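> You'll find upload_6.txt just under this line, and it carries compact mmCIF, C-alpha atoms.
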```
# COMPACT_ATOMS: atom_id res chain seq x y z
CA MET J 71 -48.88 67.11 42.56
CA ALA J 72 -47.83 70.70 42.63
CA ASP J 73 -45.73 70.59 39.47
CA ALA J 74 -48.42 68.94 37.37
CA LEU J 75 -50.98 71.43 38.58
CA MET J 76 -48.70 74.32 37.74
CA ALA J 77 -47.78 72.87 34.35
CA SER J 78 -51.41 72.84 33.25
CA GLY J 79 -51.42 76.56 33.96
CA LYS J 80 -55.09 76.56 34.90
CA ILE J 81 -54.69 77.08 38.63
CA TYR J 82 -54.49 80.79 37.88
CA ILE J 83 -58.11 80.73 36.77
CA VAL J 84 -59.10 79.49 40.22
CA VAL J 85 -56.94 82.16 41.83
CA ILE J 86 -58.67 84.83 39.77
CA VAL J 87 -62.12 83.43 40.61
CA VAL J 88 -61.38 83.40 44.35
CA ALA J 89 -59.81 86.87 44.11
CA VAL J 90 -62.93 88.18 42.36
CA ILE J 91 -65.13 86.73 45.11
CA PHE J 92 -62.93 88.34 47.74
CA ALA J 93 -63.03 91.64 45.83
CA GLY J 94 -66.82 91.42 45.93
CA ILE J 95 -66.81 90.82 49.69
CA THR J 96 -64.41 93.75 50.10
CA ALA J 97 -66.65 96.03 48.01
CA PHE J 98 -69.56 94.99 50.25
CA MET J 99 -67.54 95.82 53.37
CA ILE J 100 -66.47 99.22 52.02
CA HIS J 101 -70.03 100.05 51.01
CA LEU J 102 -71.32 99.10 54.48
CA ASP J 103 -68.49 101.07 56.14
CA LYS J 104 -69.35 104.19 54.17
CA ARG J 105 -73.08 103.87 54.85
CA LEU J 106 -72.41 103.53 58.57
CA ARG J 107 -70.16 106.60 58.48
CA LYS J 108 -72.91 108.61 56.79
CA ILE J 109 -75.39 107.71 59.54
CA GLU J 110 -72.77 108.40 62.25
CA GLN J 111 -72.14 111.90 60.88
CA ASN J 112 -75.83 112.75 60.72
CA LYS J 113 -76.59 111.48 64.20
CA VAL J 114 -73.72 112.73 66.35
CA MET B 287 -64.18 113.09 52.61
CA MET B 288 -65.03 109.57 53.60
CA LYS B 289 -61.94 107.48 53.84
CA ILE B 290 -61.44 103.85 54.67
CA SER B 291 -58.76 103.41 57.36
CA TRP B 292 -55.33 102.27 56.21
CA TRP B 293 -55.42 99.05 58.21
CA LYS B 294 -58.58 97.98 56.39
CA TRP B 295 -56.82 98.36 53.06
CA LEU B 296 -53.85 96.51 54.53
CA SER B 297 -56.12 93.60 55.49
CA VAL B 298 -57.49 93.43 51.95
CA ALA B 299 -53.99 93.55 50.46
CA LEU B 300 -52.71 90.81 52.77
CA VAL B 301 -55.68 88.49 52.19
CA LEU B 302 -55.40 89.03 48.45
CA TYR B 303 -51.67 88.24 48.70
CA THR B 304 -52.60 85.11 50.67
CA ILE B 305 -55.06 83.96 48.00
CA ILE B 306 -52.67 84.56 45.10
CA MET B 307 -49.49 83.24 46.74
CA GLY B 308 -51.33 80.59 48.72
CA PHE B 309 -52.56 78.87 45.58
CA THR B 310 -49.57 79.38 43.32
CA MET B 311 -46.41 79.26 45.42
CA LYS B 312 -44.46 76.02 45.62
CA VAL B 313 -45.19 73.93 48.70
CA PRO B 314 -43.31 70.95 50.16
CA ALA B 315 -44.37 67.70 48.44
CA LEU B 316 -45.56 65.38 51.21
CA PRO B 317 -47.51 62.12 51.26
CA ILE B 318 -51.16 62.21 52.41
CA LEU B 319 -51.15 66.01 52.60
CA HIS B 320 -50.27 66.75 48.95
CA GLU B 321 -51.80 70.05 47.86
CA THR B 322 -53.96 70.24 50.98
CA ILE B 323 -50.93 71.61 52.83
CA ARG B 324 -52.10 74.94 51.38
CA ASN B 325 -54.91 74.83 53.94
CA LEU B 326 -52.27 76.13 56.34
CA TYR B 327 -52.96 79.58 54.85
CA PHE B 328 -56.71 79.31 55.31
CA HIS B 329 -57.73 76.81 58.01
CA VAL B 330 -54.91 77.42 60.49
CA THR B 331 -55.09 81.19 60.05
CA MET B 332 -58.79 81.15 61.00
CA TRP B 333 -57.77 79.83 64.42
CA PHE B 334 -54.85 82.21 64.80
CA ALA B 335 -57.10 85.13 63.91
CA MET B 336 -59.74 83.87 66.34
CA ILE B 337 -57.22 83.58 69.19
CA LEU B 338 -55.87 87.10 68.56
CA ILE B 339 -59.32 88.67 68.20
CA LEU B 340 -60.64 86.94 71.32
CA LEU B 341 -57.55 88.20 73.16
CA GLY B 342 -58.56 91.69 72.06
CA SER B 343 -62.02 90.98 73.42
CA VAL B 344 -60.51 90.05 76.81
CA VAL B 345 -58.54 93.31 76.85
CA TYR B 346 -61.77 95.25 76.24
CA SER B 347 -63.50 93.28 79.01
CA ILE B 348 -60.72 94.16 81.47
CA ARG B 349 -60.87 97.80 80.41
CA PHE B 350 -64.63 97.74 80.95
CA LEU B 351 -64.22 96.32 84.45
CA TYR B 352 -61.71 99.08 85.25
CA SER B 353 -63.65 101.99 83.77
CA GLY B 354 -67.28 100.95 83.72
CA ASN B 355 -67.45 102.57 80.29
CA ILE B 356 -70.19 100.79 78.32
CA LEU B 357 -68.29 101.42 75.09
CA PHE B 358 -65.72 98.82 76.14
CA ASP B 359 -68.53 96.34 76.82
CA ILE B 360 -69.82 96.85 73.26
CA LYS B 361 -66.30 96.39 71.87
CA ALA B 362 -65.70 93.26 73.95
CA SER B 363 -68.93 91.58 72.88
CA GLU B 364 -68.68 92.45 69.19
CA THR B 365 -65.07 91.30 68.90
CA ALA B 366 -66.10 88.09 70.65
CA ASN B 367 -68.85 87.66 68.04
CA VAL B 368 -66.33 87.87 65.22
CA GLY B 369 -64.01 85.50 67.09
CA ILE B 370 -66.82 82.95 67.31
CA ILE B 371 -67.50 83.24 63.57
CA LEU B 372 -63.81 82.60 62.86
CA GLY B 373 -63.89 79.62 65.24
CA LEU B 374 -66.90 78.14 63.43
CA LEU B 375 -65.10 78.60 60.11
CA GLY B 376 -62.05 76.92 61.68
CA ILE B 377 -64.13 73.92 62.75
CA ALA B 378 -65.88 73.64 59.38
CA THR B 379 -62.68 73.92 57.33
CA GLY B 380 -60.92 71.55 59.72
CA ALA B 381 -63.62 68.94 59.16
CA VAL B 382 -63.11 69.12 55.39
CA TRP B 383 -59.35 68.79 55.77
CA ALA B 384 -59.73 65.94 58.26
CA LYS B 385 -61.94 64.05 55.79
CA SER B 386 -59.17 64.03 53.19
CA THR B 387 -56.20 63.38 55.47
CA TRP B 388 -57.59 61.31 58.35
CA GLY B 389 -60.57 59.78 56.53
CA ALA B 390 -63.30 61.19 58.75
CA TRP B 391 -65.07 64.51 59.18
CA TRP B 392 -64.62 64.32 62.93
CA ALA B 393 -62.30 62.26 65.10
CA ASN B 394 -62.52 61.72 68.83
CA ASP B 395 -59.34 63.69 69.26
CA ALA B 396 -58.13 65.95 72.04
CA LYS B 397 -57.57 68.90 69.69
CA LEU B 398 -60.92 68.58 67.95
CA ASN B 399 -62.93 68.07 71.10
CA GLY B 400 -61.00 70.88 72.75
CA ALA B 401 -61.93 73.18 69.88
CA ALA B 402 -65.58 72.15 70.20
CA VAL B 403 -65.56 72.72 73.98
CA THR B 404 -63.95 76.14 73.47
CA LEU B 405 -66.72 77.16 71.07
CA LEU B 406 -69.33 75.90 73.55
CA PHE B 407 -67.80 78.15 76.21
CA TYR B 408 -68.28 81.09 73.86
CA PHE B 409 -71.83 80.06 72.93
CA ALA B 410 -72.53 80.15 76.67
CA TYR B 411 -71.08 83.67 76.68
CA LEU B 412 -73.63 84.75 74.06
CA ILE B 413 -76.50 83.15 75.97
CA LEU B 414 -75.31 84.69 79.24
CA ARG B 415 -75.23 88.14 77.67
CA ASN B 416 -78.67 87.82 76.18
CA SER B 417 -80.19 86.59 79.42
CA ILE B 418 -79.35 89.73 81.43
CA GLU B 419 -81.50 92.82 80.86
CA ASP B 420 -79.66 95.38 82.97
CA VAL B 421 -76.88 96.91 80.88
CA GLU B 422 -74.41 97.52 83.72
CA LYS B 423 -74.93 94.08 85.22
CA ARG B 424 -74.71 92.41 81.82
CA GLY B 425 -71.46 94.22 81.15
CA ARG B 426 -69.82 93.20 84.40
CA ILE B 427 -70.96 89.56 84.48
CA SER B 428 -70.16 88.92 80.82
CA ALA B 429 -66.78 90.66 81.15
CA VAL B 430 -65.79 88.34 84.01
CA TYR B 431 -67.10 85.34 82.11
CA ASN B 432 -65.24 86.44 78.95
CA ILE B 433 -61.93 86.41 80.85
CA PHE B 434 -62.77 82.98 82.24
CA SER B 435 -63.64 81.73 78.71
CA TYR B 436 -60.27 82.81 77.38
CA VAL B 437 -58.48 80.94 80.15
CA MET B 438 -60.53 77.89 79.17
CA LEU B 439 -59.58 78.47 75.52
CA ILE B 440 -55.91 78.34 76.46
CA VAL B 441 -56.47 75.16 78.46
CA PHE B 442 -58.64 73.30 75.92
CA LEU B 443 -57.02 74.52 72.71
CA MET B 444 -53.37 74.81 73.66
CA ILE B 445 -52.50 72.86 76.80
CA LEU B 446 -54.65 69.70 76.95
CA PRO B 447 -54.15 68.65 73.29
CA ARG B 448 -50.40 68.79 73.82
CA MET B 449 -50.55 66.51 76.84
CA THR B 450 -52.32 63.56 75.22
CA ASP B 451 -52.15 61.70 71.92
CA SER B 452 -53.52 63.68 69.03
CA LEU B 453 -53.77 63.38 65.26
CA HIS B 454 -53.52 67.11 64.92
CA PRO B 455 -50.16 68.65 63.91
CA GLY B 456 -48.41 70.52 66.70
CA ASN B 457 -50.11 68.40 69.36
CA GLY B 458 -49.55 65.12 71.16
CA GLY B 459 -45.87 65.21 70.21
CA ASN B 460 -46.57 65.70 66.48
CA PRO B 461 -44.53 68.32 64.68
CA GLY B 462 -46.33 71.50 63.71
CA PHE B 463 -46.15 72.75 60.15
CA GLY B 464 -42.81 74.33 60.93
CA GLY B 465 -41.51 70.74 60.93
CA TYR B 466 -42.80 70.02 57.41
CA ASP B 467 -41.86 73.37 55.96
CA LEU B 468 -38.15 72.75 56.22
CA ASP B 469 -36.95 75.65 54.05
CA SER B 470 -39.49 78.05 55.58
CA THR B 471 -41.03 78.91 52.20
CA MET B 472 -44.53 78.63 53.62
CA LYS B 473 -43.87 81.21 56.32
CA VAL B 474 -43.65 83.86 53.60
CA VAL B 475 -47.37 83.36 53.04
CA PHE B 476 -48.41 82.03 56.45
CA TYR B 477 -47.41 85.03 58.60
CA PRO B 478 -48.91 87.70 56.33
CA ALA B 479 -52.02 85.48 56.10
CA ILE B 480 -52.42 85.55 59.89
CA ILE B 481 -52.13 89.34 59.98
CA GLY B 482 -54.44 89.74 56.97
CA TRP B 483 -57.26 87.54 58.28
CA THR B 484 -56.94 89.04 61.77
CA LEU B 485 -57.21 92.60 60.45
CA PHE B 486 -60.11 91.61 58.22
CA GLY B 487 -61.82 90.20 61.32
CA CYS B 488 -61.11 93.49 63.11
CA TRP B 489 -62.84 95.28 60.26
CA MET B 490 -65.90 93.04 60.66
CA ALA B 491 -65.87 93.77 64.39
CA ASP B 492 -65.46 97.49 63.71
CA LEU B 493 -68.63 97.51 61.60
CA ARG B 494 -70.58 95.65 64.28
CA ILE B 495 -69.30 97.93 67.07
CA ARG B 496 -70.35 101.04 65.17
CA LEU B 497 -73.75 99.54 64.36
CA THR B 498 -74.38 98.66 68.02
CA LYS B 499 -73.25 102.14 69.10
CA LEU B 500 -75.74 103.70 66.71
CA LYS B 501 -78.47 101.38 67.93
CA LEU B 502 -77.86 102.30 71.58
CA LEU B 503 -77.73 105.97 70.66
CA GLN B 504 -81.05 105.65 68.89
CA GLU B 505 -82.58 103.86 71.86
CA ASN B 506 -81.48 106.66 74.19
CA ILE B 507 -82.99 109.22 71.85
CA LEU B 508 -86.23 107.26 71.80
CA GLU B 509 -86.24 107.11 75.59
CA ASN B 510 -85.63 110.85 75.77
CA GLY B 511 -88.48 111.46 73.37
CA LYS B 512 -90.91 109.54 75.58
CA SER B 513 -90.13 111.36 78.79
```
How would this structure read if it were set down as structure tokens?


Amino acid sequence: MADALMASGKIYIVVIVVAVIFAGITAFMIHLDKRLRKIEQNKV
Amino acid sequence: MMKISWWKWLSVALVLYTIIMGFTMKVPALPILHETIRNLYFHVTMWFAMILILLGSVVYSIRFLYSGNILFDIKASETANVGIILGLLGIATGAVWAKSTWGAWWANDAKLNGAAVTLLFYFAYLILRNSIEDVEKRGRISAVYNIFSYVMLIVFLMILPRMTDSLHPGNGGNPGFGGYDLDSTMKVVFYPAIIGWTLFGCWMADLRIRLTKLKLLQENILENGKS
């Protein structure tokens, strides 16, 4: 259960892995946001 | 200078908080559920985010009907799109959780079938939109249908599952997770998770709205060029 999982200390690795994936998705979103803004400023 | 809006950063911060705290914070030790109780921060929040984002879509539909401004029609349809994605993720993650706790990917249950029916209502919304060529007509008909869909969502997702037997927590007389989380430790992650996922969904919708706006703008320019 929870205590055993925590005691092994390795759950943090999974947390980091998931956080890295989410950081990647966020970077993708920011990149797309900025590209859209560039096009918006040229067009309007 | 190109800046990313504050609420987008807030969504990232809250989801990151959800991931870190959601995996590492202590949760109530319960039979059957065990560690899967942490799905509260991921599966349940998909549905909460969907319900909030689709409510936003209804507001845009009503504003479109009042004003006739096509911008509100774009906002209504693109937020609905994101809501549908969140609903599909909710169904998929629910199936995984159901397999471990109830022993089957899908059960013939009021909550599950209600969720499926709700998504079907929104698939019909997408098909309805795509089947009407005239922009004004499409806007008005799909806005009215969108409001109707949300009423059906409330009926099939919130009312009917509470009136019959259901395996699903919070339905058919079962306690919701508030009943398991006696010292309210999970709320510390659960509430920020709802806000985080909802705002992240708003960001996805924002990108789609701006893309569609650009597309329509380009089409108008092309039409002007022809004439």

> Taking all atoms listed in the file into account, find every residue of chain B that has an atom no more than 8 Å from chain J, and write it out as a PyMOL selection string.

chain B and resi 288+290+298+302+305-306+309-310+312-313+315+320-321+490+493+496-497+500

> Which neighbours of segment 444-450 of chain B fall inside 7 Å, counting only C-alpha atoms, when residues of the same chain fewer than 2 positions from it are skipped, and could you give them as JSON, numbers by chain?

{"B": [396, 397, 440, 441, 442, 452, 457, 458, 459]}

> Given the selection you just returned, output its residues as a file containing C-alpha atoms, formatted as a PDB file, keeping the file's coordinate frame.


```pdb
ATOM      1  CA  ALA B 396     -58.130  65.950  72.040  1.00  0.00           C
ATOM      2  CA  LYS B 397     -57.570  68.900  69.690  1.00  0.00           C
ATOM      3  CA  ILE B 440     -55.910  78.340  76.460  1.00  0.00           C
ATOM      4  CA  VAL B 441     -56.470  75.160  78.460  1.00  0.00           C
ATOM      5  CA  PHE B 442     -58.640  73.300  75.920  1.00  0.00           C
ATOM      6  CA  SER B 452     -53.520  63.680  69.030  1.00  0.00           C
ATOM      7  CA  ASN B 457     -50.110  68.400  69.360  1.00  0.00           C
ATOM      8  CA  GLY B 458     -49.550  65.120  71.160  1.00  0.00           C
ATOM      9  CA  GLY B 459     -45.870  65.210  70.210  1.00  0.00           C
TER      10      GLY B 459
END
```

> Tell me which residues come within 7 Å of (-52.2, 74.5, 49.2), as an NGL selection string, counting only C-alpha atoms in the file's coordinates.

:B and (308-309 or 321-325)

> What does the structure give for the distance between atom CA of Lys361 of chain B and atom CA of Asn416 of chain B, in Å to one decimal?

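Atom-to-atom, atom CA of Lys361 of chain B to atom CA of Asn416 of chain B, that is 15.7 Å.
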
> B:Ala362, B:Leu319, B:Val301, B:Ala410: which is nearest Phe350 of chain B, counting all atoms listed in the file?

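The closest residue to Phe350 of chain B is B:Ala362.
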
> For Gly482 of chain B, find every residue with an atom within 10 Å (counting all atoms listed in the file), except residues of its own chain fewer than 2 positions away, and show them as a PDB file with C-alpha atoms, in the coordinates of the input.


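What landed in selection-v2.pdb:
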```
ATOM      1  CA  TRP B 293     -55.420  99.050  58.210  1.00  0.00           C
ATOM      2  CA  LYS B 294     -58.580  97.980  56.390  1.00  0.00           C
ATOM      3  CA  TRP B 295     -56.820  98.360  53.060  1.00  0.00           C
ATOM      4  CA  LEU B 296     -53.850  96.510  54.530  1.00  0.00           C
ATOM      5  CA  SER B 297     -56.120  93.600  55.490  1.00  0.00           C
ATOM      6  CA  VAL B 298     -57.490  93.430  51.950  1.00  0.00           C
ATOM      7  CA  ALA B 299     -53.990  93.550  50.460  1.00  0.00           C
ATOM      8  CA  LEU B 300     -52.710  90.810  52.770  1.00  0.00           C
ATOM      9  CA  VAL B 301     -55.680  88.490  52.190  1.00  0.00           C
ATOM     10  CA  LEU B 302     -55.400  89.030  48.450  1.00  0.00           C
ATOM     11  CA  TYR B 303     -51.670  88.240  48.700  1.00  0.00           C
ATOM     12  CA  THR B 304     -52.600  85.110  50.670  1.00  0.00           C
ATOM     13  CA  THR B 331     -55.090  81.190  60.050  1.00  0.00           C
ATOM     14  CA  ALA B 335     -57.100  85.130  63.910  1.00  0.00           C
ATOM     15  CA  PHE B 476     -48.410  82.030  56.450  1.00  0.00           C
ATOM     16  CA  TYR B 477     -47.410  85.030  58.600  1.00  0.00           C
ATOM     17  CA  PRO B 478     -48.910  87.700  56.330  1.00  0.00           C
ATOM     18  CA  ALA B 479     -52.020  85.480  56.100  1.00  0.00           C
ATOM     19  CA  ILE B 480     -52.420  85.550  59.890  1.00  0.00           C
ATOM     20  CA  THR B 484     -56.940  89.040  61.770  1.00  0.00           C
ATOM     21  CA  LEU B 485     -57.210  92.600  60.450  1.00  0.00           C
ATOM     22  CA  PHE B 486     -60.110  91.610  58.220  1.00  0.00           C
ATOM     23  CA  GLY B 487     -61.820  90.200  61.320  1.00  0.00           C
ATOM     24  CA  CYS B 488     -61.110  93.490  63.110  1.00  0.00           C
TER      25      CYS B 488
END
```

> Report the distance between atom CA of Ala390 of chain B and atom CA of Tyr466 of chain B in Å, rounded to one decimal place.

22.4 Å

> Which value, in Å to one decimal, gives the distance between atom CA of Trp489 of chain B and atom CA of Gly94 of chain J?

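One can read the atom CA of Trp489 of chain B to atom CA of Gly94 of chain J distance as 15.4 Å.
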
> Restricting the calculation to all atoms listed in the file: of B:Phe463, B:Ile377, B:Lys423, B:Leu341, which residue gets closest to Asn399 of chain B?

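Using all atoms listed in the file, the shortest distance to Asn399 of chain B belongs to B:Ile377.
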